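Below you'll find the structure, written out as structure tokens, and then a few comments.
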Amino acid sequence: MALTDWSVPRLPACIPPRLDAAQRTVVDHTTGPLLVLAGPGTGKTTTLVESVAARIARGGDPARILVLTFSRKAAVELRDRMALRMGASRAPQATTFHSFCYALVRAHQDSTLFAEPLRLLSGPEQDVTVRELLAGEIDLERLGLAHVRWPDELRACLTTRGFADEVRAVLARSRELGLAPDALAAFARRIGRPDWGAAAAFLAEYLDVLDLQGVLDYAELVHRAVLLTARPEAAARLAGQYDAVYVDEYQDTDPAQVRLLRALAGDGRTLVAFGDPDQSIYAFRGADVNGILDFPQTFPRADGRPAPVEVLRVSRRSSAALLAATRLVTQRMPLTRLPADKVRAHRDLTPVREGGTRRGVHVPDTRHRAGQHRRHPPQGAPGGRRALERHGRPGAGRLPHDPHGPPSPHRRRRPPRHRRRRPAPAARTRRRAPADGTARGRHRGGGGAVRRRCHRGRRRGRWPAG
């Protein structure tokens with residue numbers, strides 16, 4: 001067969017999903033900022049993928065579209081879904097905030113200051129670094145070389161893990177807010193907090209140590225990326241690099257990431273953010289719900305009007321009863337800075353199913369009772385491996401046996417050979433000595449056992465006969 005006769009098989013095209021009216025409105029959005037309020041199960045990821053696909057279908061360049069999210073798992077899932085929907089060669093870049101910031105810092109890295117590529121500190125490594133610096137402050141104070149003056153009531157806590165965690169949190173929040181050591185020290189003097197003044201001096205020392213080691217923590221990475229966007233040449237390059245920026249889970253952003261997005265897609269450029277203010281649960285690691293509440297004012301349109309807000313109103317995951325329960329909880333959580341009608345529609349979702357009832361009772365169980373439950377299931381419940389299971393393990397979490405019920409019709413299976421019980425050593429019969437008083441085998445000084453071993457050795461060819 002000639003080469004021209006070969007036919008390359010094509011993968012079947014991904015069938016576009018059916019979208020409701022609210023999803024279609026988001027997909028048809030072309031220019032300018034847009035905030036999409038999307039609760040769990042409303043098709044948020046599907047709407048994001050279809051929006052990107054529609055933009056590329058209208059002639060958009062995939063290389064000029066950026067999709068940002070927060071976890072590596074979510075970024076991989078977005079890349080896979082966009083590659084399946086549009087093809088791997090036409091899928092745009094989907095990455096995390098920290099990965100994007102690392103690439104930006106590496107692209108503008110000063111070769112005279114860093115001979116090797118920057119390395120990111122993990123959480124445990126940062127904890128060790130902070131604790132070592134705090135422990136060293138005690139020795140430096142004894143020698144009269146300490147630059148950090150902690151208050152007297154805190155000196156006994158310098159070597160504790162809890163104090164190190166608190167200092168680490170102060171350092172991270174300071175960089176997320178864009179505070180330099182001098183700004184933090186001035187703020188501490190203004191409000192009369194000597195402990196924060198000591199934390200500012202410690203922050204300066206901590207940053208010097210990171211620069212000497214050529215490493216960065218995650219908060220410092222985003223902060224330096226924001227500082228790069230303040231340079232005129234870097235800002236002009238970023239402003240013209242992307243035509244549209246999509247952000248997933250926008251309620252998890254911190255102030256530094258919001259400043260980065262203003263450099264990427266501010267001044268009325270296209271920025272589509274998906275989020276749910278009711279799911280903002282990562283405040284302990286810097287997430288600020290004010291980012292999504294202030295989105296319309298932070299990212300206005302080109303004419304100065306606030307950014308529009310759209311709501312995905314159909315819940316495909318939760319039943320009507322569950323949505324009614326969540327509505328009772330969220331009505332006590334006011335969201336005053338977003339349009340009231342949008343907030344009301346966001347919390348009053350329309351279910352696609354009424355939901356059913358659960359058949360079965362979850363009872364905590366132990367391993368030694370699993371076999372009993374498997375052999376004697378309760379009346380009316382499926383027996384054997386079809387009984388109620390937990391975590392996919394047979395016999396775990398089954399319904400308890402009713403001792404007053406009828407006997408089980410299921411026959412007990414014989415255990416495998418290697419698990420069968422053997423008689424106890426005391427119950428085994430012992431070889432008796434002959435009546436004539438002679439001993440055999442091991443009863444005669446072990447000679448019989450030696451002969452048996454020699455015989456086996458000759459039979460296996462280990463020793464010569466005779």
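Labels for the structure tokens follow display order: chains A, B, ..., residues from 1 in each chain, ligands from 1.
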
Non-local contacts of stretch 182-189 of chain A (10 Å; only C-alpha atoms; under 5 positions in same chain excluded) as a PyMOL selection string:
chain A and resi 171+174-175+194-201+203-204

Output for the residues just chosen: C-alpha atoms as a PDB file, in the first residue's frame:
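The file below, part.pdb, is the result:
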```pdb
ATOM      1  CA  LEU A 171       5.593  37.075  57.710  1.00  0.00           C
ATOM      2  CA  SER A 174       2.796  40.907  55.570  1.00  0.00           C
ATOM      3  CA  ARG A 175       4.082  39.910  52.125  1.00  0.00           C
ATOM      4  CA  PRO A 194       6.556  46.301  70.021  1.00  0.00           C
ATOM      5  CA  ASP A 195       6.061  42.642  69.098  1.00  0.00           C
ATOM      6  CA  TRP A 196       5.175  43.613  65.534  1.00  0.00           C
ATOM      7  CA  GLY A 197       8.223  45.892  65.469  1.00  0.00           C
ATOM      8  CA  ALA A 198      10.385  42.897  66.392  1.00  0.00           C
ATOM      9  CA  ALA A 199       8.611  40.862  63.699  1.00  0.00           C
ATOM     10  CA  ALA A 200       9.507  43.555  61.144  1.00  0.00           C
ATOM     11  CA  ALA A 201      13.196  43.328  62.078  1.00  0.00           C
ATOM     12  CA  LEU A 203      11.346  39.775  58.487  1.00  0.00           C
ATOM     13  CA  ALA A 204      14.329  41.745  57.168  1.00  0.00           C
TER      14      ALA A 204
END
```

Pick out the residues sitting within 6 Å of stretch 270-277 of chain A, and hand them over as JSON, numbers by chain; count only C-alpha atoms, and ignore anything fewer than 2 positions along from it in its own chain.
{"A": [31, 32, 33, 34, 35, 36, 37, 38, 39, 244, 245, 246, 247, 248, 249, 250, 251, 265, 279, 280]}

Tell me which protein, DNA and RNA residues are within 12 Å of stretch 50-53 of chain A, counting only C-alpha atoms, leaving out same-chain ones fewer than 2 positions away, and put them as a PyMOL selection string.
chain A and resi 14-19+23-31+34+36+43-48+55-67+78-79+81-87+90-94+243-247+271-274

Which of stretch 20-203 of chain A DSSP labels alpha helix (DSSP H), written as number ranges by chain:
A: 21-27, 44-57, 72-86, 97-107, 123-143, 161-176, 181-191, 194-203

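Every protein or nucleic acid residue with an atom no more than 9 Å from A:Pro255, counting only C-alpha atoms and leaving out same-chain residues fewer than 3 positions away, appears here: Glu176, Leu177, Gly178, Val258, Arg259, Leu260, Gly286, Ala287, Asp288, Asn290 and Gly291 of chain A.
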
When you count only C-alpha atoms, which of these residues is closest to A:Leu322: A:Leu349, A:Leu335, A:Val226, A:Ala283?
A:Leu349
